[in-house]
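Structure data follow from coords_36.txt (compact mmCIF, C-alpha atoms):
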```
# COMPACT_ATOMS: atom_id res chain seq x y z
CA MET A 1 93.28 -97.80 -48.01
CA ASP A 2 93.87 -95.79 -51.19
CA TRP A 3 95.78 -98.48 -53.07
CA THR A 4 93.25 -101.08 -51.99
CA VAL A 5 90.34 -99.04 -53.30
CA TRP A 6 91.99 -98.29 -56.63
CA GLY A 7 93.23 -101.86 -56.97
CA GLY A 8 89.74 -103.17 -56.23
CA LEU A 9 88.22 -100.85 -58.83
CA ALA A 10 90.70 -102.03 -61.47
CA ALA A 11 90.28 -105.71 -60.61
CA GLY A 12 86.49 -105.53 -60.68
CA LEU A 13 86.47 -103.61 -63.96
CA VAL A 14 88.78 -105.98 -65.83
CA ILE A 15 87.25 -109.21 -64.51
CA ALA A 16 83.62 -108.18 -65.08
CA THR A 17 84.33 -106.94 -68.60
CA VAL A 18 85.73 -110.34 -69.56
CA THR A 19 83.23 -112.54 -67.72
CA ALA A 20 79.86 -110.76 -68.12
CA PRO A 21 79.40 -111.79 -71.78
CA VAL A 22 79.17 -115.46 -70.78
CA GLY A 23 76.98 -114.97 -67.70
CA VAL A 24 79.70 -115.17 -65.02
CA SER A 25 79.80 -112.32 -62.52
CA GLY A 26 83.56 -112.64 -62.09
CA ALA A 27 83.42 -113.41 -58.37
CA VAL A 28 85.06 -116.81 -58.91
CA PHE A 29 88.14 -115.03 -60.27
CA LEU A 30 88.01 -112.10 -57.87
CA LEU A 31 88.18 -114.35 -54.81
CA PRO A 32 91.87 -115.38 -55.19
CA VAL A 33 92.75 -111.71 -55.75
CA GLN A 34 91.04 -110.80 -52.49
CA LEU A 35 92.81 -113.58 -50.61
CA SER A 36 96.30 -113.28 -52.08
CA VAL A 37 96.61 -109.59 -53.03
CA PHE A 38 94.34 -107.72 -50.62
CA GLY A 39 94.66 -110.15 -47.71
CA VAL A 40 90.97 -110.42 -46.86
CA PRO A 41 90.64 -112.90 -43.96
CA ASN A 42 88.48 -116.01 -43.88
CA PRO A 43 85.52 -116.28 -43.77
CA ALA A 44 85.05 -112.53 -44.44
CA VAL A 45 86.23 -113.04 -48.03
CA THR A 46 82.96 -114.81 -48.88
CA PRO A 47 80.54 -111.99 -47.92
CA THR A 48 82.97 -109.52 -49.52
CA ASN A 49 82.61 -111.46 -52.75
CA LEU A 50 78.82 -111.44 -52.38
CA LEU A 51 78.92 -107.67 -51.81
CA TYR A 52 80.86 -107.34 -55.07
CA ASN A 53 78.10 -109.26 -56.87
CA VAL A 54 75.39 -107.05 -55.39
CA VAL A 55 77.08 -103.82 -56.47
CA ALA A 56 78.39 -105.07 -59.83
CA GLY A 57 75.33 -107.02 -60.95
CA PRO A 58 73.02 -104.17 -62.05
CA GLY A 59 75.48 -102.99 -64.72
CA ALA A 60 75.23 -106.09 -66.90
CA LEU A 61 71.60 -106.77 -65.95
CA TRP A 62 70.48 -103.29 -67.01
CA ARG A 63 72.16 -103.72 -70.38
CA TYR A 64 70.67 -107.19 -70.90
CA ARG A 65 67.23 -105.92 -69.91
CA HIS A 66 67.60 -103.01 -72.30
CA ASP A 67 68.32 -105.51 -75.08
CA GLY A 68 65.31 -107.66 -74.08
CA ALA A 69 67.49 -110.63 -73.07
CA LEU A 70 66.08 -110.94 -69.52
CA ARG A 71 62.50 -111.68 -70.56
CA ASN A 72 62.52 -115.47 -70.21
CA GLU A 73 61.31 -118.17 -67.82
CA LEU A 74 64.81 -119.50 -67.21
CA ALA A 75 65.84 -116.55 -65.04
CA ARG A 76 62.83 -117.00 -62.74
CA ARG A 77 63.49 -120.72 -62.29
CA LEU A 78 67.14 -120.19 -61.44
CA VAL A 79 66.41 -117.44 -58.93
CA LEU A 80 63.70 -119.46 -57.12
CA GLY A 81 66.02 -122.44 -56.83
CA THR A 82 69.20 -120.70 -55.69
CA LEU A 83 67.71 -118.27 -53.13
CA PRO A 84 67.04 -120.80 -50.31
CA GLY A 85 70.28 -122.62 -51.06
CA VAL A 86 72.49 -119.58 -50.55
CA VAL A 87 71.14 -119.02 -47.01
CA LEU A 88 71.99 -122.61 -46.08
CA GLY A 89 75.40 -122.26 -47.70
CA ALA A 90 76.18 -119.10 -45.74
CA THR A 91 75.32 -120.89 -42.48
CA VAL A 92 77.56 -123.83 -43.38
CA ARG A 93 80.40 -121.48 -44.33
CA VAL A 94 80.36 -119.60 -41.01
CA PHE A 95 79.87 -122.48 -38.59
CA ALA A 96 81.36 -125.51 -40.35
CA LEU A 97 84.03 -124.36 -42.83
CA PRO A 98 85.86 -121.36 -41.31
CA GLY A 99 89.43 -122.63 -41.81
CA PRO A 100 91.50 -121.42 -44.80
CA GLY A 101 92.83 -124.94 -45.54
CA VAL A 102 89.39 -126.45 -46.01
CA PHE A 103 88.28 -123.38 -47.91
CA ARG A 104 91.17 -123.58 -50.40
CA LEU A 105 90.43 -127.26 -50.94
CA LEU A 106 86.79 -126.45 -51.63
CA ALA A 107 87.78 -123.63 -53.99
CA ALA A 108 90.06 -125.98 -55.92
CA ALA A 109 87.33 -128.63 -56.11
CA LEU A 110 84.97 -126.05 -57.58
CA LEU A 111 87.28 -124.18 -59.92
CA LEU A 112 88.97 -127.16 -61.55
CA PRO A 113 85.78 -128.81 -62.85
CA LEU A 114 84.33 -125.44 -63.78
CA GLY A 115 87.42 -124.48 -65.73
CA LEU A 116 87.72 -127.80 -67.51
CA TRP A 117 84.00 -127.74 -68.36
CA LEU A 118 84.26 -124.28 -69.92
CA PHE A 119 87.42 -125.22 -71.78
CA LEU A 120 86.09 -128.48 -73.18
CA ARG A 121 82.73 -127.00 -74.18
CA ALA A 122 84.58 -124.27 -76.09
CA LEU A 123 86.64 -126.85 -77.97
CA ALA A 124 83.68 -129.14 -78.66
CA PRO A 125 80.42 -127.16 -78.60
CA ALA A 126 77.17 -129.04 -78.04
CA ARG A 127 75.63 -130.15 -81.35
CA HIS A 128 72.23 -131.29 -80.18
CA ARG A 129 69.18 -129.09 -80.39
CA PRO A 130 68.64 -126.90 -77.32
CA SER A 131 65.51 -127.51 -75.25
CA PRO A 132 63.52 -124.99 -73.19
CA ALA A 133 65.41 -125.75 -69.95
CA GLY A 134 68.68 -127.17 -71.19
CA GLY A 135 67.33 -130.73 -71.37
CA LEU A 136 66.31 -130.64 -67.69
CA ALA A 137 62.81 -131.08 -66.31
CA PRO A 138 61.55 -128.10 -64.25
CA ARG A 139 61.89 -129.98 -60.94
CA THR A 140 65.36 -131.19 -61.82
CA LEU A 141 66.39 -127.67 -62.79
CA THR A 142 65.06 -126.31 -59.49
CA GLY A 143 66.89 -129.02 -57.52
CA LEU A 144 70.11 -128.30 -59.37
CA ALA A 145 69.69 -124.57 -58.71
CA LEU A 146 69.12 -125.29 -55.01
CA ALA A 147 72.31 -127.37 -54.75
CA VAL A 148 74.31 -124.77 -56.63
CA GLY A 149 72.88 -122.08 -54.34
CA VAL A 150 74.28 -123.92 -51.31
CA VAL A 151 77.70 -124.20 -52.92
CA GLY A 152 77.52 -120.59 -54.05
CA GLY A 153 76.65 -119.43 -50.55
CA ILE A 154 79.69 -121.26 -49.18
CA TYR A 155 82.03 -119.98 -51.89
CA GLY A 156 80.62 -116.48 -52.33
CA ILE A 157 79.76 -116.64 -56.03
CA GLY A 158 75.97 -116.50 -55.86
CA GLY A 159 75.43 -119.74 -57.81
CA GLY A 160 74.76 -118.48 -61.31
CA SER A 161 78.40 -118.87 -62.26
CA LEU A 162 78.09 -122.63 -61.82
CA LEU A 163 74.65 -123.00 -63.38
CA GLY A 164 75.64 -121.13 -66.54
CA PRO A 165 78.25 -123.59 -67.81
CA VAL A 166 75.99 -126.57 -67.05
CA LEU A 167 73.08 -125.14 -69.04
CA VAL A 168 75.29 -124.09 -71.94
CA GLY A 169 76.71 -127.60 -71.97
CA ARG A 170 73.14 -128.95 -72.19
CA GLY A 171 72.63 -127.04 -75.42
CA LEU A 172 71.23 -123.63 -74.50
CA PRO A 173 72.84 -120.65 -76.26
CA VAL A 174 75.07 -118.33 -74.24
CA ALA A 175 72.90 -115.35 -75.25
CA ARG A 176 69.99 -116.88 -73.33
CA VAL A 177 71.88 -118.38 -70.39
CA ALA A 178 74.09 -115.37 -69.57
CA PRO A 179 71.33 -112.95 -68.46
CA ALA A 180 69.51 -115.65 -66.47
CA ALA A 181 72.70 -116.77 -64.71
CA LEU A 182 73.61 -113.19 -63.82
CA ALA A 183 70.09 -112.55 -62.51
CA ALA A 184 70.38 -115.61 -60.25
CA THR A 185 73.81 -114.49 -59.10
CA PHE A 186 72.57 -111.01 -58.23
CA ALA A 187 69.49 -112.22 -56.34
CA THR A 188 71.30 -114.89 -54.35
CA SER A 189 74.22 -112.58 -53.58
CA LEU A 190 71.84 -109.98 -52.18
CA VAL A 191 70.24 -112.58 -49.90
CA GLY A 192 73.60 -114.17 -49.07
CA ALA A 193 75.24 -110.87 -48.11
CA THR A 194 72.29 -110.12 -45.83
CA ALA A 195 72.57 -113.59 -44.26
CA TYR A 196 76.28 -113.07 -43.56
CA ALA A 197 75.58 -109.68 -42.00
CA LEU A 198 73.09 -111.30 -39.62
CA LEU A 199 75.38 -114.26 -38.91
CA SER A 200 78.20 -111.87 -38.02
CA LEU A 201 76.12 -110.83 -35.00
CA MET A 202 76.20 -114.41 -33.72
CA SER A 203 79.82 -115.27 -34.52
CA SER A 204 83.06 -114.13 -32.89
CA GLY A 205 85.09 -114.54 -36.11
CA GLU A 206 85.66 -112.10 -38.96
CA VAL A 207 82.40 -112.77 -40.75
CA ALA A 208 81.36 -109.26 -41.86
CA PRO A 209 82.52 -108.21 -45.35
CA ASP A 210 85.37 -105.83 -46.07
CA TRP A 211 83.04 -102.98 -46.99
CA TRP A 212 85.55 -100.67 -48.65
CA LEU A 213 87.07 -103.39 -50.81
CA GLY A 214 83.73 -104.94 -51.68
CA LEU A 215 82.28 -101.60 -52.74
CA ALA A 216 85.41 -100.71 -54.73
CA CYS A 217 85.48 -104.03 -56.59
CA GLY A 218 81.73 -103.83 -57.12
CA THR A 219 81.93 -100.33 -58.58
CA GLY A 220 84.54 -101.49 -61.06
CA GLY A 221 82.40 -104.53 -61.81
CA LEU A 222 79.34 -102.33 -62.33
CA VAL A 223 81.08 -100.53 -65.20
CA GLY A 224 82.82 -103.66 -66.49
CA GLY A 225 79.61 -105.70 -66.44
CA TYR A 226 77.80 -103.10 -68.52
CA LEU A 227 80.65 -102.98 -71.03
CA GLY A 228 80.86 -106.77 -71.22
CA ALA A 229 77.12 -107.17 -71.77
CA ARG A 230 77.15 -104.49 -74.44
CA LEU A 231 80.09 -106.09 -76.22
CA GLN A 232 78.66 -109.64 -76.12
CA PRO A 233 77.28 -109.67 -79.68
CA ARG A 234 80.65 -108.48 -81.03
CA LEU A 235 82.99 -110.79 -79.11
CA PRO A 236 84.11 -114.28 -80.26
CA ASP A 237 82.17 -116.59 -77.95
CA ARG A 238 84.59 -119.49 -78.32
CA ALA A 239 87.64 -117.42 -77.39
CA LEU A 240 85.93 -116.08 -74.26
CA ARG A 241 85.01 -119.57 -73.08
CA LEU A 242 88.56 -120.76 -73.63
CA LEU A 243 89.92 -117.81 -71.65
CA LEU A 244 87.51 -118.38 -68.75
CA GLY A 245 88.24 -122.08 -68.70
CA THR A 246 91.99 -121.47 -68.65
CA LEU A 247 91.75 -118.92 -65.82
CA ALA A 248 89.50 -121.07 -63.65
CA THR A 249 91.65 -124.17 -64.17
CA ALA A 250 94.86 -122.28 -63.36
CA VAL A 251 93.45 -120.81 -60.16
CA GLY A 252 92.06 -124.20 -59.13
CA ILE A 253 95.46 -125.83 -59.62
CA LEU A 254 97.10 -123.05 -57.58
CA TYR A 255 94.72 -123.60 -54.66
CA ALA A 256 95.15 -127.37 -54.85
CA ALA A 257 98.92 -126.95 -54.69
CA GLN A 258 98.65 -124.61 -51.70
CA THR A 259 96.42 -127.11 -49.90
CA LEU A 260 98.99 -129.88 -50.39
CA ASP A 261 101.87 -127.76 -49.03
```

Encoded form (structure tokens):
Amino acid sequence: MDWTVWGGLAAGLVIATVTAPVGVSGAVFLLPVQLSVFGVPNPAVTPTNLLYNVVAGPGALWRYRHDGALRNELARRLVLGTLPGVVLGATVRVFALPGPGVFRLLAAALLLPLGLWLFLRALAPARHRPSPAGGLAPRTLTGLALAVGVVGGIYGIGGGSLLGPVLVGRGLPVARVAPAALAATFATSLVGATAYALLSLMSSGEVAPDWWLGLACGTGGLVGGYLGARLQPRLPDRALRLLLGTLATAVGILYAAQTLD
């Protein structure tokens, strides 16, 4: 248990420090580490990822709130849209997608577009004027948040990690999107982790999270998220997006290759 705890702390710290400045909790990159390094079984890896988000989230959110970056309507809209979706996603994950093969295929399908989107937006930033909701009508934004919440509940990333790149691509600045995306991720992860805990009572599989690993990764992410949010104004935004895009694309390719084996 000792090496797992220390490894989880280190992984959470490094990942959150890099990803928090662009509004990504880091769960999308922590998941392959949990599967391949720590051997967390399916579908328990998903609630473990959500537990990481719950513990790690307050670090970056506190810093963003301290800087006044959380006081906007976007965060409220994202949270209201993703909350019901994550409950539905958790139900689908437990009862319809328990197998590792299907899960790896889903992970690849999510990570590849996400990585390419981040990478391309870093190389060719949006040049049009940003609008109050990223060029999306309120109802459209809520519907998008709901759909992303379902996917996030299945994958264990809370949803904000997918909404962030979309909104940045629509023209909103990272400084505005990042706090809102992290707020949505934290709220949906809290609800999602609770849903998985309840679903574990009705399922014979390994549905409950790995508590020790989730808490260890989350503690590292709590510190890393605070550091990342504090460093955001000083870090080159373009380089961070390129790094995130490269990591997500590489992990997506790895999972796609494993699915084809």

Quiz item: Between A:Ala44, A:Leu120, A:Ala195, A:Ala60, which one has atoms that come closest to Leu244 (chain A), using all atoms listed in the file?
Solution: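 With all atoms listed in the file as the atom set, the closest residue is A:Leu120.
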
With all atoms of region 78-91 of chain A from the file as input, state the centre and edge lengths in Å to one decimal of the axis-aligned box that has 5 Å extra on each side, as lines of an AutoDock Vina configuration file.
```
center_x = 69.9
center_y = -120.0
center_z = -52.0
size_x = 22.5
size_y = 15.2
size_z = 29.0
```

Self-check item: Pick from A:Leu30, A:Trp62, A:Pro47, A:Leu114 nearest to Tyr226 (chain A), counting all atoms listed in the file
Solution: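 Among the listed residues, A:Trp62 lies closest to Tyr226 (chain A).
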
Exercise. Would you mind telling me which residue in A:Val87, A:Val14, A:Val37, A:Val148 lies nearest to Ala193 (chain A) when using all atoms listed in the file?
Key: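 That would be A:Val87, the residue with the smallest distance to Ala193 (chain A).
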
Practice problem: Kindly give the distance, in Å, that separates CA of Gly218 (chain A) and CA of Gly89 (chain A), rounded to a single decimal. | Solution: 21.6 Å

Quiz item: Expressed in Å to a single decimal, how great is the separation between CA of Leu222 (chain A) and CA of Leu247 (chain A)?
Solution: 21.0 Å

Exercise. Find the distance between CA of Val45 (chain A) and CA of Leu31 (chain A) and write it in Å to one decimal.
Key: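 It comes out at 7.2 Å.
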
Quiz item: Between A:Leu235, A:Leu9, A:Val79, A:Val174, which has the minimum distance to Leu190 (chain A) (counting all atoms listed in the file)?
Solution: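 Answer, going by the shortest atom-to-atom distance: A:Val79.
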
Exercise. Quick one: residues within 9 Å of (73.9, -111.0, -52.3) (file frame), counting all atoms listed in the file, please, as an NGL selection string.
Key: :A and (47 or 49-55 or 86 or 156-158 or 185-195)

Taking the point (88.0, -118.8, -70.9) as given in the file, collect each protein or nucleic acid residue that comes within 12 Å of it, counting all atoms listed in the file, and present the set as a tab-separated table (two decimals) with C-alpha atoms, in the frame of the given file.
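Result went into result-v8.tsv, see below:
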```tsv
chain	number	residue	atom	x	y	z
A	15	ILE	CA	87.25	-109.21	-64.51
A	18	VAL	CA	85.73	-110.34	-69.56
A	19	THR	CA	83.23	-112.54	-67.72
A	20	ALA	CA	79.86	-110.76	-68.12
A	21	PRO	CA	79.40	-111.79	-71.78
A	22	VAL	CA	79.17	-115.46	-70.78
A	24	VAL	CA	79.70	-115.17	-65.02
A	26	GLY	CA	83.56	-112.64	-62.09
A	29	PHE	CA	88.14	-115.03	-60.27
A	114	LEU	CA	84.33	-125.44	-63.78
A	115	GLY	CA	87.42	-124.48	-65.73
A	116	LEU	CA	87.72	-127.80	-67.51
A	117	TRP	CA	84.00	-127.74	-68.36
A	118	LEU	CA	84.26	-124.28	-69.92
A	119	PHE	CA	87.42	-125.22	-71.78
A	120	LEU	CA	86.09	-128.48	-73.18
A	121	ARG	CA	82.73	-127.00	-74.18
A	122	ALA	CA	84.58	-124.27	-76.09
A	123	LEU	CA	86.64	-126.85	-77.97
A	165	PRO	CA	78.25	-123.59	-67.81
A	236	PRO	CA	84.11	-114.28	-80.26
A	237	ASP	CA	82.17	-116.59	-77.95
A	238	ARG	CA	84.59	-119.49	-78.32
A	239	ALA	CA	87.64	-117.42	-77.39
A	240	LEU	CA	85.93	-116.08	-74.26
A	241	ARG	CA	85.01	-119.57	-73.08
A	242	LEU	CA	88.56	-120.76	-73.63
A	243	LEU	CA	89.92	-117.81	-71.65
A	244	LEU	CA	87.51	-118.38	-68.75
A	245	GLY	CA	88.24	-122.08	-68.70
A	246	THR	CA	91.99	-121.47	-68.65
A	247	LEU	CA	91.75	-118.92	-65.82
A	248	ALA	CA	89.50	-121.07	-63.65
A	249	THR	CA	91.65	-124.17	-64.17
A	250	ALA	CA	94.86	-122.28	-63.36
```

Quiz item: Using all atoms listed in the file, which of the listed residues (A:Leu74, A:Pro233, A:Pro58, A:Leu215) sits closest to Gly164 (chain A)?
Solution: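 Smallest separation from Gly164 (chain A) among the options: A:Leu74.
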
Could you produce a table of the residues of region 36-107 of chain A lying within 12 Å of region 150-155 of chain A, with the nearest pair of atoms per residue and their separation in Å rounded to one decimal, using only C-alpha atoms, ordered by chain and increasing residue number, as a Markdown table?
```
| residue | atom | partner | partner_atom | distance |
| --- | --- | --- | --- | --- |
| A:Asn42 | CA | A:Tyr155 | CA | 11.0 |
| A:Pro43 | CA | A:Ile154 | CA | 9.4 |
| A:Ala44 | CA | A:Tyr155 | CA | 11.0 |
| A:Val45 | CA | A:Tyr155 | CA | 9.0 |
| A:Thr46 | CA | A:Tyr155 | CA | 6.1 |
| A:Pro47 | CA | A:Gly153 | CA | 8.8 |
| A:Thr48 | CA | A:Tyr155 | CA | 10.8 |
| A:Asn49 | CA | A:Tyr155 | CA | 8.6 |
| A:Leu50 | CA | A:Gly153 | CA | 8.5 |
| A:Asn53 | CA | A:Gly152 | CA | 11.7 |
| A:Gly81 | CA | A:Val150 | CA | 10.0 |
| A:Thr82 | CA | A:Val150 | CA | 7.4 |
| A:Leu83 | CA | A:Val150 | CA | 8.9 |
| A:Pro84 | CA | A:Val150 | CA | 7.9 |
| A:Gly85 | CA | A:Val150 | CA | 4.2 |
| A:Val86 | CA | A:Gly153 | CA | 4.2 |
| A:Val87 | CA | A:Gly153 | CA | 6.6 |
| A:Leu88 | CA | A:Val150 | CA | 5.9 |
| A:Gly89 | CA | A:Val150 | CA | 4.1 |
| A:Ala90 | CA | A:Gly153 | CA | 4.8 |
| A:Thr91 | CA | A:Ile154 | CA | 8.0 |
| A:Val92 | CA | A:Ile154 | CA | 6.7 |
| A:Arg93 | CA | A:Ile154 | CA | 4.9 |
| A:Val94 | CA | A:Ile154 | CA | 8.4 |
| A:Phe95 | CA | A:Ile154 | CA | 10.7 |
| A:Ala96 | CA | A:Ile154 | CA | 9.9 |
| A:Leu97 | CA | A:Ile154 | CA | 8.3 |
| A:Pro98 | CA | A:Ile154 | CA | 10.0 |
| A:Pro100 | CA | A:Tyr155 | CA | 11.9 |
| A:Val102 | CA | A:Tyr155 | CA | 11.4 |
| A:Phe103 | CA | A:Tyr155 | CA | 8.2 |
| A:Arg104 | CA | A:Tyr155 | CA | 9.9 |
| A:Leu105 | CA | A:Tyr155 | CA | 11.2 |
| A:Leu106 | CA | A:Tyr155 | CA | 8.0 |
| A:Ala107 | CA | A:Tyr155 | CA | 7.1 |
```

Writing out the chosen residues with C-alpha atoms as a PDB file, in the frame of the given file:
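Writing done, so here's selection29.pdb:
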```pdb
ATOM      1  CA  ASN A  42      88.480-116.010 -43.880  1.00  0.00           C
ATOM      2  CA  PRO A  43      85.520-116.280 -43.770  1.00  0.00           C
ATOM      3  CA  ALA A  44      85.050-112.530 -44.440  1.00  0.00           C
ATOM      4  CA  VAL A  45      86.230-113.040 -48.030  1.00  0.00           C
ATOM      5  CA  THR A  46      82.960-114.810 -48.880  1.00  0.00           C
ATOM      6  CA  PRO A  47      80.540-111.990 -47.920  1.00  0.00           C
ATOM      7  CA  THR A  48      82.970-109.520 -49.520  1.00  0.00           C
ATOM      8  CA  ASN A  49      82.610-111.460 -52.750  1.00  0.00           C
ATOM      9  CA  LEU A  50      78.820-111.440 -52.380  1.00  0.00           C
ATOM     10  CA  ASN A  53      78.100-109.260 -56.870  1.00  0.00           C
ATOM     11  CA  GLY A  81      66.020-122.440 -56.830  1.00  0.00           C
ATOM     12  CA  THR A  82      69.200-120.700 -55.690  1.00  0.00           C
ATOM     13  CA  LEU A  83      67.710-118.270 -53.130  1.00  0.00           C
ATOM     14  CA  PRO A  84      67.040-120.800 -50.310  1.00  0.00           C
ATOM     15  CA  GLY A  85      70.280-122.620 -51.060  1.00  0.00           C
ATOM     16  CA  VAL A  86      72.490-119.580 -50.550  1.00  0.00           C
ATOM     17  CA  VAL A  87      71.140-119.020 -47.010  1.00  0.00           C
ATOM     18  CA  LEU A  88      71.990-122.610 -46.080  1.00  0.00           C
ATOM     19  CA  GLY A  89      75.400-122.260 -47.700  1.00  0.00           C
ATOM     20  CA  ALA A  90      76.180-119.100 -45.740  1.00  0.00           C
ATOM     21  CA  THR A  91      75.320-120.890 -42.480  1.00  0.00           C
ATOM     22  CA  VAL A  92      77.560-123.830 -43.380  1.00  0.00           C
ATOM     23  CA  ARG A  93      80.400-121.480 -44.330  1.00  0.00           C
ATOM     24  CA  VAL A  94      80.360-119.600 -41.010  1.00  0.00           C
ATOM     25  CA  PHE A  95      79.870-122.480 -38.590  1.00  0.00           C
ATOM     26  CA  ALA A  96      81.360-125.510 -40.350  1.00  0.00           C
ATOM     27  CA  LEU A  97      84.030-124.360 -42.830  1.00  0.00           C
ATOM     28  CA  PRO A  98      85.860-121.360 -41.310  1.00  0.00           C
ATOM     29  CA  PRO A 100      91.500-121.420 -44.800  1.00  0.00           C
ATOM     30  CA  VAL A 102      89.390-126.450 -46.010  1.00  0.00           C
ATOM     31  CA  PHE A 103      88.280-123.380 -47.910  1.00  0.00           C
ATOM     32  CA  ARG A 104      91.170-123.580 -50.400  1.00  0.00           C
ATOM     33  CA  LEU A 105      90.430-127.260 -50.940  1.00  0.00           C
ATOM     34  CA  LEU A 106      86.790-126.450 -51.630  1.00  0.00           C
ATOM     35  CA  ALA A 107      87.780-123.630 -53.990  1.00  0.00           C
TER      36      ALA A 107
END
```

Practice problem: Counting all atoms listed in the file, figure out which residue out of A:Gly225, A:Leu162, A:Gly220, A:Ala145 gets nearest to Pro113 (chain A). | Solution: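 Result for the nearest residue to Pro113 (chain A): A:Leu162.
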